[in-house]
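First the structure, in the form of structure tokens, and then the observations on it.
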Amino acid sequence: MLLNVSKEIYEKFSRKTGQVAALIDPDKYSDLSRLKVLLEKSTFAGVDYLFVGGSTVSRKDFHLVVDFITAHSNLPLVIFPGAAHQISEKADALLYLSLISGRNPDYLIGHHVQSAQEVFAMDIEVIPTAYILIDGGNLSSVAYVSQTTPIPKDHLSIIMNTAKAGILQGKKLLYFDAGSGAKKHVPASVIHELKNLDTPIIVGGGIRSLDEMHQLRDAGANVIVIGNKLEEDIDFLLDIHAFKHAQ
Ligand code: 1GP
């Protein structure tokens, strides 16, 4: 079979700002009854996507959680892979990440070559994504595992030029990540500047309040990713419900 050319999820990403993705790191949801509650409440809250993946997830745990999610939820499932083995045809789309803020060839092309044969044959939407780490005030797992240095958040011209280079390379989506559990999320002012590049933007890492979500949406973020906050406080989905239904 040839590469899937569906663009359904990409078009949904592009359509509007202020969409919300709940990030499920399989390492954090070994208790599947907890995951089931998250899935039910995410549907109620009007979450737009479930993202699945993580920096240190094993193949077994990844598949276990993907199988569980697809059996218990109808929300679009998007893979946010931490490595070549985190792929599954059961998901609706795969963020095909190149970590272009870094200079580690493994995360620029290595994992891609390892998994290309399998991905090419899969019936899954593949979205070429420029993955750009921004310093969030602490050492994130993704920076540590990828052995890359995030871009300082005040260096707007480096951030802009990195995003532009990604677009010139053919990336269709920009994902700005301060890293899971970041002390500080990517500033709304940075997202505002990037919006001029006319490419859909995902932002994640350290987002923990409704106020921050409003700022990022108003700055032009298409998708806001929330991981840690939901692990700590499932009732934050009530705030997400309010955020989604006020739109
Ligand atoms: C990290 O973008 C995600 O890669 C989400 O971060 O867990 O801090 O919400 P949090």
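Just remember, in the structure tokens the first chain shown is A, the second B, etc., residues are 1-based per chain, and ligands are 1-based in the order shown.
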
- Message: When you look at A:Asp154 with a cut-off of 12 Å (counting only C-alpha atoms), what residues show up, excluding the ones that are within fewer than 6 positions of it in the same chain? I need them as a PyMOL selection string.
- Response: chain A and resi 134-137+160+186-190

Legend entry - Nearby residues, ligand 1, 8 Å, only C-alpha atoms and all ligand atoms, as JSON, numbers by chain: {"A": [23, 54, 142, 176, 177, 178, 179, 180, 181, 182, 185, 203, 204, 205, 206, 207, 208, 225, 226, 227, 228, 229, 230]}

Which neighbours of stretch 70-77 of chain A fall inside 6 Å, counting only C-alpha atoms, when residues of the same chain fewer than 3 positions from it are skipped, and could you give them as a VMD selection string? chain A and resid 49 to 51 67 91 to 92

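Closest approach to A:Asp25 among A:Ala143, A:Val66, A:Leu216, A:Ile132 is made by A:Val66 (distances from only C-alpha atoms).
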
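Shortest separation to A:Asn161 among A:Gln147, A:Ser101, A:Ser140, A:Thr199 occurs at residue A:Ser101, atoms counted being only C-alpha atoms.
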
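For the set A:Asp27, A:Glu89, A:Glu212, A:Asp106, the residue with the smallest atom-to-atom gap to A:Ile124 is A:Glu89, counting only C-alpha atoms.
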
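Interatomic distance, atom CA of A:Arg217 against atom CA of A:Thr17: 5.8 Å.
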
Which residues are near A:Leu38? Cut-off 10 Å, only C-alpha atoms, ignore same chain within fewer than 6 positions. Put them as a PyMOL selection string.
chain A and resi 22+24+29+32+44+230-231+234-235+237

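As for atom CA of A:His85 and atom CA of A:Asn4, they are spaced 18.9 Å apart.
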
As a check of understanding: the span from atom CA of A:Asp123 to atom CA of A:Ser146 is 27.9 Å

Could you write out, as a count of residues only, all the residues of stretch 36-123 of chain A that DSSP marks as helix (DSSP H, G or I)?
40
